[in-house]
Amino acid sequence: MAKDFATREGDFPKWYNDIVIKADLAENSAVRGCMVIKPYGYSIWEKMQAALDKMFKDTGHLNAYFPLLIPKSFLSKEAAHIKGFAKECAVVTHYRLKTSDDGKGVVVDPTAKLEEELIIRPTSETIIWHSYKKWINSYRDLPLLINQWANIVRWEMRTRLFLRTTEFLWQEGHTAHATEAEALEETKKMLDVYTEFAETWMAMPVLKGLKSENERFAGAIDTYCIEALMQDGKSLQAGTSHFLGQNFAKAFDVKFTDKSGKQKFVWASSWGVSTRLIGALVMAHSDDNGLVLPPKLAPIQVVIIPIYTEKEQLDSISERVQIITDSLREKGISVKYDDRDTHKPGWKFNEYEFKGVPIRIAIGPRDMEAGTIELARRDTLEKNTYEWEEGVEKIPGILDDIQSNLYKRALKKREENTHEIETYDEFKKVLKEKGGFLMAHWDGTTETELKIKGDTKATIRCIPMEGDGKEGKCMVTGKPSKQKVVFAKAY
RNA sequence: CGGGGCGUGGCGCAGUCCGGUUAGCGUACAUGGCUGGGGGUCAUGUGGUCGCAGGUUCGAAUCCUGCCAUCCCGACCA
């Protein structure tokens with residue numbers, strides 16, 4: 001099996017890193033904290049983009065693009081927003097280089113200093129709301145439903161491939177509405193879109209919930225999120241949707257005239273998911289043999305490997321493979337026929353297994369004689385031999401089965417690692433020994449939340465929207481609690 | 001920014017304490033043979049100013065000084 005790779009049990013962070021590197025998803029770059037997303041990893045992102053983009057369009061959104069650089073003054077217009085992001089902004093101060101005095105290199109030209117520094121966007125609310133002021137005049141201009149696909153920069157202290165990098169790719173939706181109710185509805189609708197994407201496409205179950213004040217987006221009234229449990233028992237925030245109230249409308253003076261002729265501030269939402277989802281995908285499904293990809297997001301769904309000793313054998317195998325690939329492609333399945341003579345079959349088996357290709361077909365001389373093919377599925381590592389035409393017919397069904405099996409498997413793991421907690425002692429014990437999602441009562445104060453974080457490193461991941469709604473007493477202070485909330489150590 | 005580690009062919013490392021000819025090993029790469037149903041094997045070969053600068057010495061990957069890079073641990077975070 002996999003050799004020289006870390007195991008989940010042995011060293012989870014190393015296991016994760018090994019998969020990302022050796023499955024050729026990404027690598028570190030010359031710039032500290034920034035990664036190169038390699039073609040195989042980028043293909044997964046393209047699949048995610050395509051699915052999400054369609055869902056955004058289907059819910060009435062249009063794509064647009066706003067500048068990478070934001071005037072410093074824009075960022076400071078919303079007080080909470082700047083407070084949250086100030087510490088991690090990259091700043092552009094000059095616009096020209098010149099040859100250094102010794103002639104050997106280039107230096108920043110001090111005469112080319114910008115009058116106002118530009119910030120590389122850590123998120124685009126401010127630059128977008130500056131435009132919205134011009135775009136919105138009447139209730140007829142609303143709702144305004146815009147999304148942008150972009151890169152952003154947040155100067156993080158410690159980075160990890162996909163999970164936290166200085167620059168990352170994402171989408172950010174920014175909407176404006178006439179009423180509070182509409183904006184709130186939009187916020188929740190997009191959270192539902194993310195939930196559906198995570199569960200249907202990524203085969204990753206998520207908890208929907210509301211963030212505590214402490215974890216809220218800088219500038220939001222409320223932040224909703226989806227949280228997923230990784231195989232090491234830590235939680236990962238997979239997407240967020242913010243109800244911004246009128247905070248940005250007021251900061252950028254975005255008003256509209258309603259039907260009765262009155263001037264009103266608009267109501268807003270913003271929502272985003274990033275390339276972090278690729279990290280989530282890796283940690284949700286993969287095993288000690290490498291990456292495991294859900295068929296709906298796999299760049300290659302079926303790989304075909306010929307086994308032969310002589311050219312004549314390869315020729316007759318290739319002839320049959322041509323029929324198989326045509327048939328699969330007609331069904332919309334992505335197929336790769338790897339007939340390279342530079343690698344041996346065994347090497348290829350391991351290669352594609354490590355890269356998480358859902359189904360492998362092997363055809364050798366024995367199969368040609370018997371009229372069969374061997375199908376191997378990545379999720380269970382099962383191998384079966386079928387009469388070849390029958391095997392090909394079964395593939396769409398097997399892909400569907402892998403997709404649903406991965407979801408069920410992940411859901412089962414989450415259920416096994418979700419613990420009902422009554423006392424703080426029990427909380428500490430379970431967190432230390434098992435990890436996972438800990439459901440416990442909390443009095444609703446930031447003070448208590450920070451105490452728990454200080455004691456245990458666990459944070460409130462969310463106040464679940466689909467909780468049991470049973471009242472109780474805070475496990476720390478004994479004060480009343482409306483419902484249990486989800487605690488976990490987080491990425 | 002505080003504490004620790006590391007820097008030697010593309011990658012992973014040994015050698016450094018205790019200085020001594022042509023700087024090794026694994027892997028990868030190249031060519032050829034035998035192979036081919038789970039990372040095969042044998043042979044041959046390419047590739048390194050030992051992070052940079054200075055110093056000590058007959059002689060430095062090895063000792064000394066300074067600098068740079070990078071990684072891990074803490075505070076921040078999608």
# chains A, B, ... in the order shown; residues from 1 in each chain; ligands from 1
$ residues_around --residues "Gly391 (chain A)" --least-positions-apart "5" --cutoff "12 Å" --atoms "only C-alpha atoms (C1' of nucleotides)" --output "PyMOL selection string"
chain A and resi 324+327-328+359-363+371-376+383-386+396-398
$ select_by_dssp --residues "region 39-255 of chain A" --states "helix (DSSP H, G or I)" --output "VMD selection string"
chain A and resid 39 to 58 72 to 75 79 to 88 110 to 112 125 to 135 139 to 141 180 to 201 213 to 215 247 to 251
$ closest_residue --among "A:Gln231, A:Gln263, A:Ser100, A:Asn28" --to "chain B" --atoms "only C-alpha atoms (C1' of nucleotides)"
A:Asn28
$ interface_residues --of "chain A" --to "chain B" --cutoff "6 Å" --atoms "only C-alpha atoms (C1' of nucleotides)" --output "PyMOL selection string"
chain A and resi 309+346-347
$ residues_around --residues "region 425-433 of chain A" --least-positions-apart "5" --cutoff "10 Å" --atoms "only C-alpha atoms (C1' of nucleotides)" --output "list in words"
Gly233, His419, Glu420, Leu438, Met439, Ala440, Ile452, Asp455, Thr456, Lys457, Ala458, Met475, Val476, Phe487, Ala488 and Lys489 of chain A
$ atom_distance --atom1 "CA of Lys211 (chain A)" --atom2 "CA of Cys462 (chain A)"
4.9 Å
$ select_by_dssp --residues "region 244-490 of chain A" --states "strand (DSSP E)" --output "ChimeraX atom specification"
/A:244-245,255-257,263-265,267-274,302-306,335-337,359-363,372-377,383-387,418-420,437-441,459-464,472-473,480-481,484-488
$ residues_around --residues "region 52-67 of chain A" --least-positions-apart "3" --cutoff "10 Å" --atoms "only C-alpha atoms (C1' of nucleotides)" --output "compact mmCIF listing (two decimals) with all heavy atoms, in the first residue's frame"
# COMPACT_ATOMS: atom_id res chain seq x y z
N GLU A 46 -12.08 24.18 -10.26
CA GLU A 46 -12.94 24.51 -11.41
C GLU A 46 -14.28 23.78 -11.34
O GLU A 46 -15.32 24.33 -11.67
CB GLU A 46 -12.24 24.17 -12.72
CG GLU A 46 -11.12 25.15 -13.06
CD GLU A 46 -10.37 24.78 -14.32
OE1 GLU A 46 -10.09 23.58 -14.53
OE2 GLU A 46 -10.05 25.67 -15.10
N LYS A 47 -14.23 22.53 -10.88
CA LYS A 47 -15.49 21.78 -10.73
C LYS A 47 -16.36 22.41 -9.66
O LYS A 47 -17.59 22.50 -9.79
CB LYS A 47 -15.19 20.33 -10.35
CG LYS A 47 -14.54 19.55 -11.46
CD LYS A 47 -15.36 18.32 -11.77
CE LYS A 47 -14.91 17.70 -13.08
NZ LYS A 47 -15.84 16.66 -13.51
N MET A 48 -15.72 22.83 -8.56
CA MET A 48 -16.47 23.50 -7.50
C MET A 48 -17.06 24.81 -8.01
O MET A 48 -18.24 25.10 -7.77
CB MET A 48 -15.53 23.80 -6.32
CG MET A 48 -15.11 22.57 -5.54
SD MET A 48 -13.98 23.05 -4.21
CE MET A 48 -14.06 21.58 -3.17
N GLN A 49 -16.24 25.56 -8.72
CA GLN A 49 -16.71 26.84 -9.26
C GLN A 49 -17.91 26.65 -10.18
O GLN A 49 -18.89 27.39 -10.09
CB GLN A 49 -15.59 27.49 -10.09
CG GLN A 49 -14.56 28.21 -9.28
CD GLN A 49 -13.58 28.92 -10.19
OE1 GLN A 49 -12.95 28.30 -11.05
NE2 GLN A 49 -13.44 30.22 -10.01
N ILE A 70 -7.71 48.56 -2.91
CA ILE A 70 -8.74 49.36 -2.25
C ILE A 70 -8.07 50.57 -1.57
O ILE A 70 -7.11 50.38 -0.82
CB ILE A 70 -9.48 48.52 -1.20
CG1 ILE A 70 -10.13 47.30 -1.86
CG2 ILE A 70 -10.51 49.36 -0.46
CD1 ILE A 70 -10.81 46.37 -0.89
N ILE A 120 -4.40 45.74 -0.50
CA ILE A 120 -4.81 44.58 -1.30
C ILE A 120 -6.01 43.96 -0.59
O ILE A 120 -5.94 43.67 0.61
CB ILE A 120 -3.67 43.57 -1.45
CG1 ILE A 120 -2.49 44.23 -2.15
CG2 ILE A 120 -4.16 42.35 -2.23
CD1 ILE A 120 -1.28 43.36 -2.29
N ARG A 121 -7.11 43.78 -1.32
CA ARG A 121 -8.38 43.41 -0.68
C ARG A 121 -8.25 42.18 0.22
O ARG A 121 -7.77 41.13 -0.23
CB ARG A 121 -9.47 43.16 -1.73
CG ARG A 121 -9.13 42.02 -2.65
CD ARG A 121 -10.20 41.77 -3.72
NE ARG A 121 -9.63 40.91 -4.74
CZ ARG A 121 -9.84 41.06 -6.05
NH1 ARG A 121 -10.63 42.01 -6.52
NH2 ARG A 121 -9.27 40.24 -6.90
N SER A 124 -14.10 42.37 -0.09
CA SER A 124 -14.39 43.51 -0.98
C SER A 124 -15.57 44.39 -0.60
O SER A 124 -15.98 45.25 -1.37
CB SER A 124 -14.59 43.00 -2.40
OG SER A 124 -13.44 42.33 -2.84
N ILE A 127 -14.98 48.34 -1.31
CA ILE A 127 -14.87 48.82 -2.69
C ILE A 127 -16.20 48.58 -3.42
O ILE A 127 -16.60 49.37 -4.29
CB ILE A 127 -13.69 48.13 -3.43
CG1 ILE A 127 -13.39 48.85 -4.76
CG2 ILE A 127 -13.92 46.68 -3.70
CD1 ILE A 127 -12.42 49.95 -4.66
N ILE A 128 -16.90 47.54 -3.07
CA ILE A 128 -18.17 47.23 -3.72
C ILE A 128 -19.25 48.22 -3.28
O ILE A 128 -20.01 48.73 -4.11
CB ILE A 128 -18.57 45.76 -3.45
CG1 ILE A 128 -17.66 44.84 -4.29
CG2 ILE A 128 -20.04 45.53 -3.77
CD1 ILE A 128 -17.89 43.37 -4.08
N SER A 131 -19.25 51.42 -5.07
CA SER A 131 -19.96 51.37 -6.35
C SER A 131 -21.47 51.35 -6.15
O SER A 131 -22.22 51.97 -6.90
CB SER A 131 -19.56 50.12 -7.13
OG SER A 131 -18.27 50.28 -7.68
N PRO A 143 -33.85 44.05 -5.61
CA PRO A 143 -32.56 43.77 -4.94
C PRO A 143 -31.42 43.78 -5.96
O PRO A 143 -31.63 43.52 -7.13
CB PRO A 143 -32.77 42.38 -4.37
CG PRO A 143 -33.73 41.72 -5.31
CD PRO A 143 -34.65 42.81 -5.77
N LEU A 144 -30.25 44.05 -5.46
CA LEU A 144 -29.03 43.99 -6.28
C LEU A 144 -28.28 42.74 -5.83
O LEU A 144 -27.88 42.64 -4.66
CB LEU A 144 -28.20 45.25 -6.04
CG LEU A 144 -26.89 45.38 -6.84
CD1 LEU A 144 -27.15 45.33 -8.34
CD2 LEU A 144 -26.20 46.69 -6.46
N LEU A 145 -28.13 41.80 -6.77
CA LEU A 145 -27.58 40.49 -6.40
C LEU A 145 -26.32 40.20 -7.21
O LEU A 145 -26.40 39.76 -8.35
CB LEU A 145 -28.62 39.40 -6.65
CG LEU A 145 -30.00 39.61 -6.00
CD1 LEU A 145 -30.98 38.53 -6.46
CD2 LEU A 145 -29.89 39.62 -4.47
N ILE A 146 -25.16 40.46 -6.60
CA ILE A 146 -23.89 40.36 -7.32
C ILE A 146 -22.95 39.36 -6.64
O ILE A 146 -22.90 39.28 -5.41
CB ILE A 146 -23.18 41.74 -7.35
CG1 ILE A 146 -24.06 42.79 -8.03
CG2 ILE A 146 -21.80 41.64 -8.02
CD1 ILE A 146 -24.23 42.64 -9.52
N ASN A 147 -22.23 38.64 -7.49
CA ASN A 147 -21.17 37.76 -6.97
C ASN A 147 -19.89 38.08 -7.71
O ASN A 147 -19.91 38.49 -8.86
CB ASN A 147 -21.54 36.29 -7.22
CG ASN A 147 -20.43 35.35 -6.81
OD1 ASN A 147 -20.08 35.27 -5.63
ND2 ASN A 147 -19.81 34.68 -7.77
N GLN A 148 -18.75 37.90 -7.03
CA GLN A 148 -17.49 37.97 -7.78
C GLN A 148 -16.58 36.82 -7.38
O GLN A 148 -16.51 36.42 -6.23
CB GLN A 148 -16.80 39.33 -7.62
CG GLN A 148 -15.79 39.44 -6.52
CD GLN A 148 -14.86 40.66 -6.68
OE1 GLN A 148 -14.73 41.21 -7.77
NE2 GLN A 148 -14.23 41.07 -5.59
N TRP A 149 -15.88 36.30 -8.41
CA TRP A 149 -14.83 35.29 -8.20
C TRP A 149 -13.52 36.05 -8.16
O TRP A 149 -13.23 36.82 -9.08
CB TRP A 149 -14.83 34.28 -9.34
CG TRP A 149 -16.04 33.39 -9.33
CD1 TRP A 149 -17.20 33.57 -10.03
CD2 TRP A 149 -16.23 32.20 -8.54
NE1 TRP A 149 -18.09 32.56 -9.74
CE2 TRP A 149 -17.53 31.70 -8.83
CE3 TRP A 149 -15.43 31.50 -7.62
CZ2 TRP A 149 -18.04 30.54 -8.24
CZ3 TRP A 149 -15.94 30.34 -7.04
CH2 TRP A 149 -17.23 29.88 -7.35
N ALA A 150 -12.75 35.86 -7.12
CA ALA A 150 -11.56 36.69 -6.97
C ALA A 150 -10.51 36.02 -6.11
O ALA A 150 -10.73 34.96 -5.51
CB ALA A 150 -11.95 38.02 -6.34
N GLN A 171 -15.15 33.08 -3.75
CA GLN A 171 -16.20 33.89 -4.34
C GLN A 171 -16.80 34.68 -3.20
O GLN A 171 -16.83 34.22 -2.07
CB GLN A 171 -17.23 33.05 -5.08
CG GLN A 171 -18.00 32.00 -4.30
CD GLN A 171 -18.95 32.49 -3.23
OE1 GLN A 171 -19.06 31.88 -2.17
NE2 GLN A 171 -19.64 33.59 -3.50
N GLU A 172 -17.24 35.89 -3.51
CA GLU A 172 -17.90 36.68 -2.50
C GLU A 172 -19.16 37.29 -3.11
O GLU A 172 -19.11 37.94 -4.14
CB GLU A 172 -16.98 37.76 -1.93
CG GLU A 172 -16.20 38.56 -2.96
CD GLU A 172 -15.25 39.58 -2.33
OE1 GLU A 172 -15.57 40.14 -1.26
OE2 GLU A 172 -14.19 39.82 -2.92
N GLY A 173 -20.28 36.99 -2.49
CA GLY A 173 -21.55 37.55 -2.94
C GLY A 173 -21.84 38.79 -2.11
O GLY A 173 -21.57 38.82 -0.91
N HIS A 174 -22.37 39.82 -2.77
CA HIS A 174 -22.70 41.06 -2.07
C HIS A 174 -24.06 41.53 -2.55
O HIS A 174 -24.21 41.85 -3.73
CB HIS A 174 -21.64 42.12 -2.35
CG HIS A 174 -20.29 41.76 -1.83
ND1 HIS A 174 -19.88 42.04 -0.54
CD2 HIS A 174 -19.26 41.08 -2.41
CE1 HIS A 174 -18.65 41.58 -0.37
NE2 HIS A 174 -18.25 40.99 -1.48
N THR A 175 -25.03 41.54 -1.66
CA THR A 175 -26.38 41.88 -2.11
C THR A 175 -26.95 43.05 -1.31
O THR A 175 -26.58 43.29 -0.16
CB THR A 175 -27.33 40.67 -1.95
OG1 THR A 175 -27.52 40.39 -0.56
CG2 THR A 175 -26.77 39.44 -2.64
N GLU A 186 -32.15 36.41 2.20
CA GLU A 186 -31.03 36.15 1.28
C GLU A 186 -29.86 35.50 2.02
O GLU A 186 -29.26 34.53 1.55
CB GLU A 186 -30.58 37.48 0.65
CG GLU A 186 -29.24 37.44 -0.06
CD GLU A 186 -29.30 36.85 -1.46
OE1 GLU A 186 -30.43 36.53 -1.92
OE2 GLU A 186 -28.23 36.69 -2.08
N LYS A 189 -30.80 32.00 2.61
CA LYS A 189 -30.91 31.26 1.34
C LYS A 189 -29.52 30.83 0.87
O LYS A 189 -29.32 29.69 0.43
CB LYS A 189 -31.56 32.15 0.27
CG LYS A 189 -31.74 31.45 -1.05
CD LYS A 189 -31.97 32.44 -2.19
CE LYS A 189 -33.39 32.99 -2.18
NZ LYS A 189 -33.54 34.05 -3.23
N MET A 190 -28.54 31.74 0.96
CA MET A 190 -27.20 31.39 0.47
C MET A 190 -26.52 30.39 1.40
O MET A 190 -25.72 29.57 0.94
CB MET A 190 -26.36 32.65 0.27
CG MET A 190 -26.94 33.60 -0.78
SD MET A 190 -27.68 32.80 -2.24
CE MET A 190 -26.21 32.25 -3.11
N VAL A 193 -27.69 27.27 0.09
CA VAL A 193 -26.98 26.91 -1.13
C VAL A 193 -25.64 26.25 -0.77
O VAL A 193 -25.28 25.20 -1.32
CB VAL A 193 -26.74 28.16 -2.02
CG1 VAL A 193 -25.68 27.88 -3.09
CG2 VAL A 193 -28.05 28.61 -2.67
N TYR A 194 -24.93 26.84 0.17
CA TYR A 194 -23.66 26.26 0.60
C TYR A 194 -23.85 24.87 1.21
O TYR A 194 -23.05 23.97 0.98
CB TYR A 194 -22.97 27.17 1.63
CG TYR A 194 -22.42 28.46 1.07
CD1 TYR A 194 -22.24 29.57 1.88
CD2 TYR A 194 -22.06 28.56 -0.27
CE1 TYR A 194 -21.72 30.75 1.39
CE2 TYR A 194 -21.55 29.75 -0.79
CZ TYR A 194 -21.38 30.85 0.05
OH TYR A 194 -20.87 32.01 -0.45
N GLU A 196 -26.25 22.78 0.57
CA GLU A 196 -26.54 21.82 -0.50
C GLU A 196 -25.28 21.47 -1.26
O GLU A 196 -25.04 20.31 -1.60
CB GLU A 196 -27.59 22.41 -1.46
CG GLU A 196 -28.11 21.35 -2.41
CD GLU A 196 -28.92 21.92 -3.57
OE1 GLU A 196 -29.50 23.02 -3.42
OE2 GLU A 196 -28.95 21.26 -4.61
N PHE A 197 -24.44 22.47 -1.52
CA PHE A 197 -23.20 22.19 -2.24
C PHE A 197 -22.31 21.24 -1.44
O PHE A 197 -21.79 20.26 -1.97
CB PHE A 197 -22.44 23.49 -2.53
CG PHE A 197 -21.11 23.24 -3.18
CD1 PHE A 197 -21.04 22.88 -4.51
CD2 PHE A 197 -19.92 23.32 -2.45
CE1 PHE A 197 -19.82 22.60 -5.12
CE2 PHE A 197 -18.70 23.05 -3.05
CZ PHE A 197 -18.65 22.70 -4.39
N TRP A 201 -22.46 17.84 -3.43
CA TRP A 201 -21.28 17.78 -4.31
C TRP A 201 -20.05 17.27 -3.59
O TRP A 201 -19.29 16.46 -4.12
CB TRP A 201 -21.02 19.15 -4.93
CG TRP A 201 -22.05 19.51 -5.93
CD1 TRP A 201 -23.32 19.98 -5.66
CD2 TRP A 201 -21.99 19.37 -7.35
NE1 TRP A 201 -24.02 20.15 -6.83
CE2 TRP A 201 -23.22 19.80 -7.87
CE3 TRP A 201 -20.99 18.94 -8.23
CZ2 TRP A 201 -23.49 19.79 -9.25
CZ3 TRP A 201 -21.25 18.95 -9.60
CH2 TRP A 201 -22.49 19.36 -10.09
N VAL A 273 -17.30 31.35 -0.01
CA VAL A 273 -16.55 30.11 0.23
C VAL A 273 -15.25 30.21 -0.57
O VAL A 273 -15.17 30.94 -1.56
CB VAL A 273 -17.29 28.81 -0.20
CG1 VAL A 273 -18.53 28.61 0.63
CG2 VAL A 273 -17.59 28.82 -1.69
$ closest_residue --among "B:C50, B:C58, B:C29, B:U65" --to "G15 (chain B)" --atoms "only C-alpha atoms (C1' of nucleotides)"
B:C50
$ residues_around --residues "C52 (chain B)" --least-positions-apart "4" --cutoff "10 Å" --atoms "only C-alpha atoms (C1' of nucleotides)" --output "PyMOL selection string"
chain B and resi 67-69
$ residues_around --residues "Lys133 (chain A)" --least-positions-apart "3" --cutoff "8 Å" --atoms "only C-alpha atoms (C1' of nucleotides)" --output "PyMOL selection string"
chain A and resi 129-130+136-137+252-255
$ write_last_selection --atoms "all heavy atoms" --output "PDB file, in the first residue's frame"
ATOM      1  N   TRP A 129     -19.281  48.524  -1.999  1.00  0.00           N
ATOM      2  CA  TRP A 129     -20.320  49.451  -1.530  1.00  0.00           C
ATOM      3  C   TRP A 129     -20.090  50.868  -2.033  1.00  0.00           C
ATOM      4  O   TRP A 129     -21.040  51.628  -2.220  1.00  0.00           O
ATOM      5  CB  TRP A 129     -20.453  49.371   0.000  1.00  0.00           C
ATOM      6  CG  TRP A 129     -21.299  48.184   0.307  1.00  0.00           C
ATOM      7  CD1 TRP A 129     -20.903  46.899   0.431  1.00  0.00           C
ATOM      8  CD2 TRP A 129     -22.716  48.174   0.381  1.00  0.00           C
ATOM      9  NE1 TRP A 129     -21.972  46.063   0.583  1.00  0.00           N
ATOM     10  CE2 TRP A 129     -23.104  46.827   0.565  1.00  0.00           C
ATOM     11  CE3 TRP A 129     -23.713  49.156   0.306  1.00  0.00           C
ATOM     12  CZ2 TRP A 129     -24.452  46.444   0.677  1.00  0.00           C
ATOM     13  CZ3 TRP A 129     -25.040  48.773   0.436  1.00  0.00           C
ATOM     14  CH2 TRP A 129     -25.391  47.433   0.610  1.00  0.00           C
ATOM     15  N   HIS A 130     -18.845  51.179  -2.329  1.00  0.00           N
ATOM     16  CA  HIS A 130     -18.565  52.462  -2.965  1.00  0.00           C
ATOM     17  C   HIS A 130     -19.276  52.534  -4.331  1.00  0.00           C
ATOM     18  O   HIS A 130     -19.847  53.558  -4.701  1.00  0.00           O
ATOM     19  CB  HIS A 130     -17.057  52.636  -3.136  1.00  0.00           C
ATOM     20  CG  HIS A 130     -16.674  53.893  -3.841  1.00  0.00           C
ATOM     21  ND1 HIS A 130     -16.668  55.106  -3.212  1.00  0.00           N
ATOM     22  CD2 HIS A 130     -16.330  54.122  -5.135  1.00  0.00           C
ATOM     23  CE1 HIS A 130     -16.318  56.043  -4.080  1.00  0.00           C
ATOM     24  NE2 HIS A 130     -16.106  55.469  -5.256  1.00  0.00           N
ATOM     25  N   ILE A 136     -27.409  52.360  -6.895  1.00  0.00           N
ATOM     26  CA  ILE A 136     -28.715  52.242  -6.248  1.00  0.00           C
ATOM     27  C   ILE A 136     -29.323  53.621  -5.978  1.00  0.00           C
ATOM     28  O   ILE A 136     -28.745  54.426  -5.251  1.00  0.00           O
ATOM     29  CB  ILE A 136     -28.597  51.463  -4.922  1.00  0.00           C
ATOM     30  CG1 ILE A 136     -28.096  50.034  -5.184  1.00  0.00           C
ATOM     31  CG2 ILE A 136     -29.944  51.439  -4.191  1.00  0.00           C
ATOM     32  CD1 ILE A 136     -27.693  49.287  -3.935  1.00  0.00           C
ATOM     33  N   ASN A 137     -30.462  53.855  -6.573  1.00  0.00           N
ATOM     34  CA  ASN A 137     -31.178  55.109  -6.331  1.00  0.00           C
ATOM     35  C   ASN A 137     -32.619  54.870  -5.910  1.00  0.00           C
ATOM     36  O   ASN A 137     -33.162  55.591  -5.092  1.00  0.00           O
ATOM     37  CB  ASN A 137     -31.179  55.970  -7.594  1.00  0.00           C
ATOM     38  CG  ASN A 137     -29.776  56.451  -7.937  1.00  0.00           C
ATOM     39  OD1 ASN A 137     -29.150  57.134  -7.139  1.00  0.00           O
ATOM     40  ND2 ASN A 137     -29.278  56.052  -9.094  1.00  0.00           N
ATOM     41  N   PHE A 252     -21.333  53.914   3.648  1.00  0.00           N
ATOM     42  CA  PHE A 252     -21.101  54.407   2.276  1.00  0.00           C
ATOM     43  C   PHE A 252     -22.282  55.206   1.741  1.00  0.00           C
ATOM     44  O   PHE A 252     -22.353  55.508   0.560  1.00  0.00           O
ATOM     45  CB  PHE A 252     -20.752  53.231   1.349  1.00  0.00           C
ATOM     46  CG  PHE A 252     -19.368  52.706   1.614  1.00  0.00           C
ATOM     47  CD1 PHE A 252     -19.143  51.748   2.610  1.00  0.00           C
ATOM     48  CD2 PHE A 252     -18.281  53.205   0.922  1.00  0.00           C
ATOM     49  CE1 PHE A 252     -17.859  51.292   2.878  1.00  0.00           C
ATOM     50  CE2 PHE A 252     -16.993  52.753   1.183  1.00  0.00           C
ATOM     51  CZ  PHE A 252     -16.781  51.801   2.171  1.00  0.00           C
ATOM     52  N   ASP A 253     -23.206  55.516   2.628  1.00  0.00           N
ATOM     53  CA  ASP A 253     -24.342  56.367   2.293  1.00  0.00           C
ATOM     54  C   ASP A 253     -25.126  55.844   1.089  1.00  0.00           C
ATOM     55  O   ASP A 253     -25.305  56.537   0.090  1.00  0.00           O
ATOM     56  CB  ASP A 253     -23.848  57.803   2.024  1.00  0.00           C
ATOM     57  CG  ASP A 253     -25.011  58.777   1.926  1.00  0.00           C
ATOM     58  OD1 ASP A 253     -26.001  58.560   2.646  1.00  0.00           O
ATOM     59  OD2 ASP A 253     -24.937  59.716   1.122  1.00  0.00           O
ATOM     60  N   VAL A 254     -25.531  54.593   1.187  1.00  0.00           N
ATOM     61  CA  VAL A 254     -26.295  53.997   0.086  1.00  0.00           C
ATOM     62  C   VAL A 254     -27.780  54.000   0.449  1.00  0.00           C
ATOM     63  O   VAL A 254     -28.240  53.200   1.261  1.00  0.00           O
ATOM     64  CB  VAL A 254     -25.812  52.565  -0.220  1.00  0.00           C
ATOM     65  CG1 VAL A 254     -26.572  51.999  -1.411  1.00  0.00           C
ATOM     66  CG2 VAL A 254     -24.311  52.577  -0.496  1.00  0.00           C
ATOM     67  N   LYS A 255     -28.511  54.927  -0.162  1.00  0.00           N
ATOM     68  CA  LYS A 255     -29.939  55.088   0.117  1.00  0.00           C
ATOM     69  C   LYS A 255     -30.748  54.887  -1.149  1.00  0.00           C
ATOM     70  O   LYS A 255     -30.223  55.043  -2.256  1.00  0.00           O
ATOM     71  CB  LYS A 255     -30.206  56.501   0.640  1.00  0.00           C
ATOM     72  CG  LYS A 255     -29.727  56.748   2.043  1.00  0.00           C
ATOM     73  CD  LYS A 255     -30.131  58.144   2.475  1.00  0.00           C
ATOM     74  CE  LYS A 255     -29.051  58.809   3.274  1.00  0.00           C
ATOM     75  NZ  LYS A 255     -29.220  60.246   3.410  1.00  0.00           N
TER      76      LYS A 255
END
$ atom_distance --atom1 "CA of Ala90 (chain A)" --atom2 "CA of Arg160 (chain A)"
18.7 Å
$ closest_residue --among "A:Lys72, A:Pro345, A:Glu199, A:Ser286" --to "Met230 (chain A)" --atoms "only C-alpha atoms"
A:Ser286
$ residues_around --residues "Thr195 (chain A)" --least-positions-apart "6" --cutoff "12 Å" --atoms "only C-alpha atoms (C1' of nucleotides)" --output "ChimeraX atom specification"
/A:52,55,188-189,201-209,224-228,237-241,273
